[in-house]
Amino acid sequence: MAEEVKKKRLTDIGPHDYNEYLSPMIKNNYGKWVYHEIIDPGTMVHVAESGDKLYTVRMGSPRLVSGSFVRDICDIADKYCGGHLRFTTRNNVEFLIEDEKNVEPLKKDLEKMGYNVGGIGNIVANIVHTQGWVHCHTSASDASGVVKSVMDELYEYFIEDKLPSKVRIAFACCLNMCGSVSSSDIAIVGTHRKPPRIDAERLRNLCEIPSTIASCPTNSIRPDTIDGKPGVKVNEETCVFCGSCYTVCPAMPIANAENDGLSIWVGGKVSNARTKPTFSKLAIPFIANDPPRWPGVVNAVKTILNEYKKGAEPGERVGEWIDRIGWPRFFKLTGFPFTKYHIDDFRLAETTMNYSSHARL
Amino acid sequence: MAEEVKKKRLTDIGPHDYNEYLSPMIKNNYGKWVYHEIIDPGTMVHVAESGDKLYTVRMGSPRLVSGSFVRDICDIADKYCGGHLRFTTRNNVEFLIEDEKNVEPLKKDLEKMGYNVGGIGNIVANIVHTQGWVHCHTSASDASGVVKSVMDELYEYFIEDKLPSKVRIAFACCLNMCGSVSSSDIAIVGTHRKPPRIDAERLRNLCEIPSTIASCPTNSIRPDTIDGKPGVKVNEETCVFCGSCYTVCPAMPIANAENDGLSIWVGGKVSNARTKPTFSKLAIPFIANDPPRWPGVVNAVKTILNEYKKGAEPGERVGEWIDRIGWPRFFKLTGFPFTKYHIDDFRLAETTMNYSSHARL
Amino acid sequence: MGKKHQTPLLDELKKGKWISFVREMERAAEKSERTEDLLGQVEESYRDKVNHWKHGGMAGVRGYGAGMVGRFSEYPDKYPGIKECHSMRIIPSAGFFYNSDFLRKLADISEKHAGGLLNFHGATGNIQILGMSQAEAEDVFQAVAELGFDLGGSGSDLRTPSCCAGQARCEFANYDTMKICRHLTEEYLDELHRPAFNYKFKFKFSGCSNDCVASAARSDLAFIGTWKDKIKINQDEVKNYAKKFNVQKYVLDKCPTKCMWFESENLVIDDENCVKCMHCINELPKALKPGDERGCSILIGAKAPLVTGPRMGMMLVPFYDVNEDAKNDYEWIKSLISNMWEFWDEYGVSRERIGELIGRVGLNTFLEGIGLEPIPEMVEHPRSNPFIKFTEDEEE
Amino acid sequence: MGKKHQTPLLDELKKGKWISFVREMERAAEKSERTEDLLGQVEESYRDKVNHWKHGGMAGVRGYGAGMVGRFSEYPDKYPGIKECHSMRIIPSAGFFYNSDFLRKLADISEKHAGGLLNFHGATGNIQILGMSQAEAEDVFQAVAELGFDLGGSGSDLRTPSCCAGQARCEFANYDTMKICRHLTEEYLDELHRPAFNYKFKFKFSGCSNDCVASAARSDLAFIGTWKDKIKINQDEVKNYAKKFNVQKYVLDKCPTKCMWFESENLVIDDENCVKCMHCINELPKALKPGDERGCSILIGAKAPLVTGPRMGMMLVPFYDVNEDAKNDYEWIKSLISNMWEFWDEYGVSRERIGELIGRVGLNTFLEGIGLEPIPEMVEHPRSNPFIKFTEDEEE
Ligand code: SRM
Ligand code: SRM
Ligand code: SRM
Ligand code: SRM
Ligand code: SF4
Ligand code: SF4
Ligand code: SF4
Ligand code: SF4
Ligand code: SF4
Ligand code: SF4
Ligand code: SF4
Ligand code: SF4
């Protein structure tokens, strides 16, 4: 068989063995760490039963990086860490240092090269985000540019520990919400405001009508006959501009330069520490796209962060702070208007009402 | 007109003026009470700005009372209260006494007559209940008899203050739940377990088919043709035996001597004190009717009360106690089995799951 | 009358310390054959474990569409006295305050024309007289009316409103529950007597958030007293309580918003964060009092489980200046109620309570319909799903 | 390459202190015309406020149904370099541990065959190489494979599992997250490479309930470390902390079940009531440690909002003895997973995540389907509506 000559073609080799990348100290103390200490927002140390100490220096990353970036961090890792490094679940780079005296020189080198050291402790963590205009066809906004603009503004909070607790901000460029966006302290989400347009001809060729209909959360898509041929129509009265149909059917584009933008959500968390994981709630339904520096979003996030910093008690996540002061006060403090859009009207809406006489008056 | 001769017939005279029934002391201090003190589980005093003191003695009532009962309490009211008395929202009788020295004699008289004095403070309150076999066509169980059996068992808790907080028990003989049954510390609810039977002929005469269909919470009723005439059929796979159809359509009886009984619910409350009002949750899905003394229900309620008394902190309502110790422990302590019936499967079921890693292990 | 039926099972329910309804039935049966028959039928239910009433049936008073519940025995031959066994609902005196004169006369009427059995009160709050035939209805009604009492609600009408004792006997009352209860009953007498709604509609009035009439759980419109300004603190009394029990643990730690603390020996309350839950006031009644700017919250939509599941009242109006409105004959609330009823009439379907309607059409639609603005107090929290229905009118 | 496109808007994003993705793109563009074209198109998006990609399109590696995302420019003539601009997903090293040797080689590959742009990492956890044409796919793949790396998931398959650093660098880890992550990736390689599910399925592994890989929010199956026995207390260290900050206020008062208190100077924990939330351990890492009987909880069904709203993982297995099961090659969990997938395959519809399926058919049906018993830990609270579906098999 013709296939046989290609036998050497590699395929299905599976996940790489991570053991290859663990430094000797990590291997020796695997599962035997006893405590850690945060030394400064860029540095922490983990101490093992054996007494071994592993220092970690964390460095910010835009996640979308060049080969040159990769070589930069490799150089640092070689110089100070025997080549060992890792990435965090929020896309930061972590240098794993076995020799304490390498810590400060490493940090100096990074700073010299223009990299950001920080992100440990009660900081604004690196913003997890998505592709945006750089790579995704369904994006209602750019991702990296918004993130960069917000992080520039919040930079001090990445490199210094001066917040009541960690603040996780996440960005998604459409309602598909790639990432743990819907349960972040602050979430920024790309948002459309117009129904999809229907390209009847492409629809016939590219889309499966039943799955297109099923994709709609509000049952707004119905079968239709267009020029005597099968198609779909959208009930604009009930469409919530989610773009789900576009994900399934390329012939229903929804992007709209004048009407797309971003919404802001607050108070979610994933950890089980103290309170159960919870979703972020709507703070601002819509801010128009305003590239290149997205001042609207930047100010909104800054406003929330300032009030949080002023009002929260030590250890309170954003959502815990709002729970304590109440949503009416959150809206009063931030100055964000409370509108009909804030009142849930989706599937489980009725479970979100205030079933009590409890009210701050 | 013929109507004119009947002019004197009284009609639409409206609610009676309550002022007629207020004692002089109440009139004088209306809206000017400053505090109250509970003297014992049968007696409290309200003190007014003026210094006036109004003593209240509370007496248990079965609610379903005879004319003779009414005359008994009137005699007492005349003897000690200038004829003034009231009923509470939980059907107790309250004697309103202006002269402190009448308090003890009044209580003695009541006790001599075999009436129960108590129900104030951290007690088991009078059980609010419904008609049962005495008067209602839809009842799955009797009301008064169950209540009497439970109150006999819990009698000490009506006359003595020895619980962590008030315990409100409520009874309803079917899922219509006349009363604030679905949000009681302990609720006892009449429950069917078989689908309705359809009497095709009566159905045609007595029932409106669309409203019968609409009455079903699980969409289990469909139009049907019976002997060529319009009727309905019930999908027994999805029917949840709620009896709603029977309420609307007499031709769909659901009572079933072998399969009817009672379910027990716990942890609801109505007051806004501390926590928001909340519904009672399922403790025991089914206990067969066992007249005349309903030992199954009596024991179940007693078991809950005992564990509550043992485990709750002062001031904790039943639901607050369970929230603190967790449902798994509630089931362990009471010995009630946790079954598939306890897992919600109705409309908003998905909001009742444990969306966290929080668990007592 | 003498005992006609053997009731060995019911006799078991005469034992024990709690007052026995069987004894009450027997006392009534002594004077009423129909109640003797009722005992017989209930005994039979006790034996068969099933009720023996026919489903429903008509009963009523001329000119009224409500106020009586028809009830017919399944075995009219065996229990002729309860062939018809209707009950009549009578609007109570607000707060359930009475005098012995009225009650005695009512007892007489119940024995003369019905089974001599009464409910003080029905779960909605009516006085109920049980065991009446249609033929007697008019007589009973006229007799009751002569005492100055009218029929209560039943069917798809405004049900008899009810209230807690309020200012008559409670220091916690933030407004006059009895006054508004009576006033609105009077105002909507026609809606109460002549069912013309999609389904039943209930008002209940509690003077504070302890909600002693359980309005939040069982009335379409619940009026729950509250206040706007600061809780009044008597620091000396606070200190007295602190000597008697652990105020920190049992009061402060249980405040839902943790808005109270001690500064040295003095209690401090961040009233802006107080949700008026009443807990601290309940526990320290001599030390704490609601403020002076009093009124009530209005919650909407509570009801029993059928058909879509039980509902608790949800916040509609956080602060209604009921004391002020009382001066204008409650004009503001009446106009709000009529807006609601119009909306319910227009958009509700048969047997749909207003809470279910709001659940179905969404709170925003309802608010627009009745002319209230959305405010954050109405929700536990803003939406967490991203499916926002942007509308043209809102765009710049 | 030299600058082909003017990018005044993007240039604004080179300002400021946070590391700039535009600088990264430019650094890549210096070596790659296609990335230069990408810069041009993104600049155009910045001008037009809309993205300029065509919808989807095919891209892939022979024998694989997953691992590449096809992407085509809307303006192939204007930006020929990104006529095709696919990305390739590569299974990361568990815990994202690497060495410089591998990373350098990968950087080389990305520059040689693609746009020289990478994601460390994609939101699911893959390494992504951006900007590749279909023609180059096989070469890139072979080059990557030679480094010992394989393609990751995409489409309706098992997505690339991911995990927190766990025992490699964290004292809180209750089990070996990296080991099971790698093991199950290996085990289900076929499910990962050849999409045959109704929709995507994700595993994530966190060593404790801090959940540093956010598994509870974004994986169909979340494995979250926990323990069964008592928290280990070092009372001396507790006292040290107590000197440094208000342990009562910031630790004890925030325990969700208030199951900790001081007895004289000693910390007491009612472990039976501890829900393993990690808060106290987080705050007092030198004083407190999880117990010895360690394992993990399994939560099911988390996902993003579309179509029925966002879902958080819900408790399915409160304690899975993962450490024990590791000795048997994770047999227990594999049989549970295959039961789930069978159920999903049989009852799920296209594009229905498993959480949505459970929401649709009910938890009980799902439990029966996969052979687990209902237990109270699965629910926040038992049902409050009375619509119980009694079944024959349960009656005596
Ligand atoms: C490195 C990383 C794990 C990894 O495998 O990559 C990590 C590492 C640590 N986490 Fe985390 N967490 C990491 C992502 C997360 C996430 C996931 C996320 O943000 O998407 C969460 C859940 C977020 C949420 O709740 O929304 C998370 C919630 C926590 C918590 C709980 C915080 C809380 O109070 O809610 C702790 C405990 C603490 O901070 O006291 C924690 C504690 C820690 C400790 C102290 C654990 C330890 O002893 O090593 C580590 C250093 C903390 C720090 O950065 O200040 N880690 N941690 C991740 C770093 C991300 C980053 O670059 O910023
Ligand atoms: C007389 C009555 C009002 C009436 O107009 O008839 C009444 C009267 C008082 N209630 Fe009540 N409550 C009355 C039914 C209720 C109800 C309704 C019910 O039970 O159906 C509730 C809501 C029940 C619930 O939450 O499920 C109720 C929840 C309260 C509370 C809140 C308790 C809590 O902590 O949740 C208080 C405050 C307290 O007890 O400290 C309270 C406090 C009081 C005070 C102390 C108010 C006062 O200063 O006068 C009164 C005496 C209390 C007592 O009985 O121990 N009252 N109270 C009702 C007596 C019913 C009975 O005969 O047992
Ligand atoms: C008499 C009374 C029970 C009692 O023993 O006190 C009662 C008795 C009946 N109720 Fe009720 N309800 C009574 C208060 C309630 C309450 C409590 C309340 O009003 O505070 C509720 C719960 C609150 C609510 O309205 O949701 C209540 C919820 C129902 C329901 C369910 C309504 C719903 O929307 O879910 C029905 C079914 C119906 O409307 O067809 C119902 C239906 C009935 C019927 C008419 C039976 C039927 O199938 O049509 C019962 C007549 C029994 C009889 O023979 O007298 N009854 N019913 C109460 C009225 C007395 C009075 O007027 O004072
Ligand atoms: C690349 C990545 C974003 C990123 O910048 O990192 C991504 C990109 C896309 N996601 Fe995603 N998702 C990515 C992680 C996620 C995550 C987070 C996670 O896995 O932890 C989620 C939320 C968790 C979840 O699965 O629910 C996520 C939820 C979605 C959804 C909504 C799925 C749902 O059930 O609601 C879609 C829509 C779909 O499946 O058709 C989607 C669809 C897409 C598509 C394929 C666009 C589409 O319309 O089909 C995007 C391709 C963009 C591109 O050009 O590369 N993506 N997507 C992430 C994958 C990289 C990797 O493999 O490492
Ligand atoms: S969030 Fe939406 S637009 Fe952004 S990468 Fe994911 S699917 Fe694409
Ligand atoms: S955008 Fe969303 S709501 Fe509108 S038609 Fe498409 S799928 Fe339905
Ligand atoms: S609860 Fe049911 S059976 Fe009992 S009185 Fe009400 S409607 Fe009748
Ligand atoms: S008993 Fe209830 S669930 Fe069954 S058919 Fe009748 S209305 Fe439907
Ligand atoms: S509701 Fe408030 S005002 Fe009314 S009786 Fe109860 S405690 Fe008093
Ligand atoms: S009324 Fe309730 S919320 Fe307000 S201070 Fe008192 S306990 Fe706190
Ligand atoms: S989830 Fe727990 S074990 Fe894993 S890194 Fe975070 S704190 Fe450590
Ligand atoms: S782990 Fe959480 S629940 Fe357990 S004792 Fe510590 S703080 Fe309390």
# chains A, B, ... in the order shown; residues from 1 in each chain; ligands from 1
call {"tool": "select_by_dssp", "arguments": {"residues": "segment 176-232 of chain A", "states": "helix (DSSP H, G or I)", "output": "number ranges by chain"}}
result
A: 181-183, 200-206, 209-214
call {"tool": "write_last_selection", "arguments": {"atoms": "N, CA and C atoms", "output": "CSV table (one decimal), in the first residue's frame"}}
result
chain,number,residue,atom,x,y,z
A,181,VAL,N,-14.8,33.9,31.4
A,181,VAL,CA,-15.2,35.3,31.4
A,181,VAL,C,-16.4,35.5,32.2
A,182,SER,N,-17.4,34.6,32.1
A,182,SER,CA,-18.7,34.9,32.8
A,182,SER,C,-18.6,34.8,34.3
A,183,SER,N,-17.4,34.5,34.8
A,183,SER,CA,-17.3,34.5,36.3
A,183,SER,C,-16.1,35.2,36.7
A,200,ALA,N,-29.4,35.1,1.6
A,200,ALA,CA,-30.2,33.9,1.3
A,200,ALA,C,-29.5,32.9,0.5
A,201,GLU,N,-28.7,33.4,-0.5
A,201,GLU,CA,-28.1,32.4,-1.4
A,201,GLU,C,-27.0,31.6,-0.7
A,202,ARG,N,-26.1,32.3,0.1
A,202,ARG,CA,-25.1,31.6,0.8
A,202,ARG,C,-25.7,30.6,1.8
A,203,LEU,N,-26.8,31.1,2.4
A,203,LEU,CA,-27.4,30.3,3.4
A,203,LEU,C,-27.8,28.9,2.8
A,204,ARG,N,-28.3,28.9,1.6
A,204,ARG,CA,-28.7,27.6,1.0
A,204,ARG,C,-27.5,26.7,0.8
A,205,ASN,N,-26.4,27.3,0.5
A,205,ASN,CA,-25.2,26.5,0.3
A,205,ASN,C,-24.4,26.1,1.5
A,206,LEU,N,-24.4,27.0,2.5
A,206,LEU,CA,-23.5,26.8,3.6
A,206,LEU,C,-24.1,26.3,4.9
A,209,ILE,N,-30.3,24.1,8.0
A,209,ILE,CA,-31.3,24.9,8.6
A,209,ILE,C,-31.7,24.5,10.0
A,210,PRO,N,-31.9,23.2,10.2
A,210,PRO,CA,-32.3,22.8,11.6
A,210,PRO,C,-31.3,23.2,12.7
A,211,SER,N,-30.0,23.1,12.4
A,211,SER,CA,-29.1,23.5,13.5
A,211,SER,C,-29.0,25.0,13.6
A,212,THR,N,-29.3,25.7,12.5
A,212,THR,CA,-29.3,27.2,12.6
A,212,THR,C,-30.5,27.6,13.5
A,213,ILE,N,-31.6,26.9,13.3
A,213,ILE,CA,-32.8,27.3,14.1
A,213,ILE,C,-32.5,26.9,15.6
A,214,ALA,N,-31.9,25.7,15.8
A,214,ALA,CA,-31.7,25.3,17.2
A,214,ALA,C,-30.7,26.2,17.9
call {"tool": "residues_around", "arguments": {"residues": "segment 101-105 of chain C", "least_positions_apart": "3", "cutoff": "9 Å", "atoms": "only C-alpha atoms", "output": "JSON, numbers by chain"}}
result
{"B": [67, 70, 71, 74, 83], "C": [98, 108, 109, 110, 144, 147]}
call {"tool": "write_last_selection", "arguments": {"atoms": "N, CA and C atoms", "output": "short mmCIF file (atom, residue, chain, number, x, y, z; two decimals), in the first residue's frame"}}
result
data_model
loop_
_atom_site.label_atom_id
_atom_site.label_comp_id
_atom_site.auth_asym_id
_atom_site.auth_seq_id
_atom_site.Cartn_x
_atom_site.Cartn_y
_atom_site.Cartn_z
N GLY B 67 -70.35 26.92 68.49
CA GLY B 67 -70.96 28.09 69.11
C GLY B 67 -70.66 28.11 70.61
N VAL B 70 -67.37 29.61 71.31
CA VAL B 70 -67.44 31.07 71.18
C VAL B 70 -68.02 31.67 72.45
N ARG B 71 -69.06 31.06 72.97
CA ARG B 71 -69.66 31.60 74.21
C ARG B 71 -68.71 31.49 75.39
N CYS B 74 -66.29 34.27 75.13
CA CYS B 74 -66.99 35.54 75.39
C CYS B 74 -67.20 35.74 76.89
N GLY B 83 -65.13 42.52 77.74
CA GLY B 83 -65.68 41.95 76.50
C GLY B 83 -64.74 42.00 75.30
N TYR C 98 -62.58 41.90 68.16
CA TYR C 98 -64.04 41.76 68.32
C TYR C 98 -64.43 42.09 69.74
N ASP C 108 -75.00 32.45 67.76
CA ASP C 108 -76.43 32.15 67.67
C ASP C 108 -76.86 31.91 66.23
N ILE C 109 -76.46 32.81 65.37
CA ILE C 109 -76.83 32.67 63.95
C ILE C 109 -76.33 31.33 63.42
N SER C 110 -75.08 31.00 63.76
CA SER C 110 -74.51 29.77 63.20
C SER C 110 -75.27 28.55 63.70
N VAL C 144 -76.43 38.32 59.50
CA VAL C 144 -75.04 38.79 59.64
C VAL C 144 -74.95 40.27 59.28
N LEU C 147 -75.80 42.65 61.82
CA LEU C 147 -74.73 42.90 62.80
C LEU C 147 -73.66 43.83 62.23
#
call {"tool": "residues_around", "arguments": {"residues": "Arg360 of chain B", "least_positions_apart": "4", "cutoff": "10 Å", "atoms": "only C-alpha atoms", "output": "compact mmCIF listing (two decimals) with all heavy atoms, in the first residue's frame"}}
result
# COMPACT_ATOMS: atom_id res chain seq x y z
N ILE B 325 -25.76 23.64 59.36
CA ILE B 325 -25.17 22.29 59.44
C ILE B 325 -25.14 21.58 58.09
O ILE B 325 -24.41 20.62 57.91
CB ILE B 325 -25.90 21.38 60.47
CG1 ILE B 325 -27.34 21.09 60.02
CG2 ILE B 325 -25.86 22.00 61.86
CD1 ILE B 325 -27.99 19.95 60.78
N GLY B 326 -25.93 22.05 57.15
CA GLY B 326 -25.95 21.44 55.82
C GLY B 326 -27.00 20.35 55.70
O GLY B 326 -27.31 19.65 56.67
N TRP B 327 -27.53 20.18 54.50
CA TRP B 327 -28.58 19.18 54.28
C TRP B 327 -28.10 17.74 54.49
O TRP B 327 -28.84 16.92 55.05
CB TRP B 327 -29.20 19.35 52.89
CG TRP B 327 -30.10 20.54 52.85
CD1 TRP B 327 -29.79 21.78 52.36
CD2 TRP B 327 -31.44 20.64 53.37
NE1 TRP B 327 -30.86 22.63 52.54
CE2 TRP B 327 -31.88 21.96 53.14
CE3 TRP B 327 -32.30 19.74 54.00
CZ2 TRP B 327 -33.15 22.41 53.52
CZ3 TRP B 327 -33.57 20.18 54.37
CH2 TRP B 327 -33.99 21.49 54.13
N PRO B 328 -26.88 17.40 54.07
CA PRO B 328 -26.46 16.01 54.31
C PRO B 328 -26.57 15.66 55.79
O PRO B 328 -27.05 14.59 56.15
CB PRO B 328 -25.00 16.00 53.83
CG PRO B 328 -24.92 17.10 52.81
CD PRO B 328 -25.87 18.16 53.31
N ARG B 329 -26.15 16.59 56.64
CA ARG B 329 -26.21 16.32 58.07
C ARG B 329 -27.65 16.27 58.57
O ARG B 329 -27.97 15.49 59.46
CB ARG B 329 -25.41 17.40 58.80
CG ARG B 329 -25.20 17.10 60.27
CD ARG B 329 -23.75 17.19 60.62
NE ARG B 329 -23.48 17.34 62.04
CZ ARG B 329 -22.62 18.21 62.55
NH1 ARG B 329 -21.96 19.04 61.75
NH2 ARG B 329 -22.40 18.26 63.83
N TRP D 227 -10.23 17.04 50.67
CA TRP D 227 -9.78 16.03 51.62
C TRP D 227 -10.97 15.66 52.51
O TRP D 227 -11.97 16.37 52.56
CB TRP D 227 -8.62 16.54 52.46
CG TRP D 227 -9.02 17.68 53.34
CD1 TRP D 227 -9.41 17.64 54.63
CD2 TRP D 227 -9.12 19.07 52.95
NE1 TRP D 227 -9.75 18.89 55.09
CE2 TRP D 227 -9.58 19.79 54.09
CE3 TRP D 227 -8.86 19.78 51.76
CZ2 TRP D 227 -9.79 21.17 54.06
CZ3 TRP D 227 -9.07 21.16 51.74
CH2 TRP D 227 -9.52 21.83 52.87
N LYS D 228 -10.83 14.54 53.21
CA LYS D 228 -11.95 14.00 53.96
C LYS D 228 -11.78 14.15 55.46
O LYS D 228 -12.75 14.25 56.19
CB LYS D 228 -12.05 12.50 53.68
CG LYS D 228 -13.25 12.11 52.86
CD LYS D 228 -13.31 10.60 52.73
CE LYS D 228 -14.70 10.15 52.40
NZ LYS D 228 -14.74 8.78 51.92
N THR D 257 -19.09 28.18 56.87
CA THR D 257 -19.98 27.45 57.79
C THR D 257 -19.71 27.83 59.24
O THR D 257 -20.28 27.22 60.13
CB THR D 257 -19.81 25.93 57.62
OG1 THR D 257 -18.47 25.59 57.97
CG2 THR D 257 -20.10 25.49 56.21
N ASP D 271 -14.56 19.90 62.02
CA ASP D 271 -14.29 19.46 60.64
C ASP D 271 -15.51 18.84 59.95
O ASP D 271 -15.62 18.87 58.73
CB ASP D 271 -13.12 18.48 60.60
CG ASP D 271 -11.79 19.19 60.81
OD1 ASP D 271 -11.38 19.36 61.96
OD2 ASP D 271 -11.20 19.60 59.80
N GLU D 272 -16.40 18.29 60.74
CA GLU D 272 -17.58 17.68 60.15
C GLU D 272 -18.39 18.72 59.37
O GLU D 272 -19.15 18.41 58.49
CB GLU D 272 -18.45 17.10 61.26
CG GLU D 272 -18.92 15.69 60.98
CD GLU D 272 -19.89 15.22 62.05
OE1 GLU D 272 -19.58 15.34 63.25
OE2 GLU D 272 -20.98 14.77 61.67
N ASN D 273 -18.23 19.96 59.77
CA ASN D 273 -19.00 21.02 59.15
C ASN D 273 -18.18 21.84 58.16
O ASN D 273 -18.67 22.79 57.56
CB ASN D 273 -19.57 21.94 60.23
CG ASN D 273 -20.90 22.53 59.84
OD1 ASN D 273 -21.49 22.09 58.86
ND2 ASN D 273 -21.34 23.53 60.55
N CYS D 274 -16.94 21.47 57.97
CA CYS D 274 -16.07 22.20 57.03
C CYS D 274 -16.42 21.79 55.60
O CYS D 274 -16.55 20.61 55.32
CB CYS D 274 -14.61 21.87 57.34
SG CYS D 274 -13.45 22.26 56.02
N VAL D 275 -16.55 22.75 54.71
CA VAL D 275 -16.86 22.43 53.32
C VAL D 275 -15.62 22.50 52.42
O VAL D 275 -15.72 22.55 51.21
CB VAL D 275 -17.98 23.30 52.74
CG1 VAL D 275 -19.32 22.97 53.41
CG2 VAL D 275 -17.67 24.79 52.89
N LYS D 276 -14.45 22.51 53.04
CA LYS D 276 -13.19 22.42 52.29
C LYS D 276 -13.05 23.58 51.30
O LYS D 276 -12.63 23.39 50.16
CB LYS D 276 -13.08 21.09 51.53
CG LYS D 276 -13.68 19.86 52.22
CD LYS D 276 -13.12 19.58 53.57
CE LYS D 276 -13.82 18.37 54.19
NZ LYS D 276 -13.62 18.26 55.62
N PRO D 318 -18.77 14.04 45.36
CA PRO D 318 -18.13 14.88 46.39
C PRO D 318 -16.71 14.44 46.72
O PRO D 318 -15.84 15.26 46.91
CB PRO D 318 -19.04 14.71 47.61
CG PRO D 318 -20.34 14.20 47.08
CD PRO D 318 -20.01 13.43 45.84
N PHE D 319 -16.48 13.12 46.76
CA PHE D 319 -15.13 12.66 47.04
C PHE D 319 -14.76 11.50 46.11
O PHE D 319 -15.33 10.42 46.19
CB PHE D 319 -14.97 12.21 48.50
CG PHE D 319 -13.53 11.96 48.87
CD1 PHE D 319 -12.70 13.00 49.24
CD2 PHE D 319 -12.99 10.67 48.80
CE1 PHE D 319 -11.37 12.78 49.55
CE2 PHE D 319 -11.65 10.45 49.11
CZ PHE D 319 -10.84 11.51 49.48
N GLU D 377 -25.38 15.93 48.86
CA GLU D 377 -24.27 16.83 48.51
C GLU D 377 -24.45 17.41 47.10
O GLU D 377 -23.83 18.41 46.76
CB GLU D 377 -22.93 16.10 48.59
CG GLU D 377 -22.43 15.83 49.98
CD GLU D 377 -23.08 14.61 50.63
OE1 GLU D 377 -23.94 13.95 49.98
OE2 GLU D 377 -22.75 14.32 51.79
call {"tool": "residues_near_ligand", "arguments": {"ligand": "ligand 3", "cutoff": "7 Å", "atoms": "only C-alpha atoms and all ligand atoms", "output": "ChimeraX atom specification"}}
result
/B:129-131,135-138,176-180,247-248 /C:69,71,87,89,121-128,152-154,160,200,202,218-219,302-307,353
call {"tool": "select_by_dssp", "arguments": {"residues": "segment 130-173 of chain A", "states": "strand (DSSP E)", "output": "PyMOL selection string"}}
result
chain A and resi 169-172
call {"tool": "write_last_selection", "arguments": {"atoms": "N, CA, C and O atoms", "output": "CSV table (one decimal), in the first residue's frame"}}
result
chain,number,residue,atom,x,y,z
A,169,ILE,N,-9.7,40.2,35.8
A,169,ILE,CA,-10.4,40.8,34.8
A,169,ILE,C,-10.3,39.9,33.6
A,169,ILE,O,-9.3,39.3,33.3
A,170,ALA,N,-11.4,39.7,32.9
A,170,ALA,CA,-11.4,38.9,31.7
A,170,ALA,C,-12.1,39.6,30.5
A,170,ALA,O,-12.9,40.4,30.7
A,171,PHE,N,-11.6,39.2,29.4
A,171,PHE,CA,-12.2,39.8,28.1
A,171,PHE,C,-12.6,38.8,27.2
A,171,PHE,O,-11.9,37.8,26.9
A,172,ALA,N,-13.8,38.9,26.6
A,172,ALA,CA,-14.2,38.0,25.5
A,172,ALA,C,-14.8,38.9,24.4
A,172,ALA,O,-15.5,39.9,24.7
call {"tool": "residues_near_ligand", "arguments": {"ligand": "ligand 2", "cutoff": "6 Å", "atoms": "only C-alpha atoms and all ligand atoms", "output": "list in words"}}
result
His36, Thr88, Thr89, Arg90, Asn91, Asn92, Gly119, Ile120, Gly121, Ala125, Asn126, Arg168, Ser184, Lys269, Val270, Ser271 and Ala273 of chain B; Gly95, Cys164, Ala165, Cys170, Glu171, Asn210, Asp211, Cys212, Val213, Ala214, Asn282 and Glu283 of chain C
call {"tool": "interface_residues", "arguments": {"of": "chain D", "to": "chain B", "cutoff": "7 Å", "atoms": "only C-alpha atoms", "output": "ChimeraX atom specification"}}
result
/D:209,228,257,272-277,297,312-315,318,359,362,364,374-384,386-390
call {"tool": "closest_residue", "arguments": {"among": "D:Thr308, D:Asn328, D:Ser335, D:Asn385", "to": "ligand 6", "atoms": "only C-alpha atoms and all ligand atoms"}}
result
D:Thr308
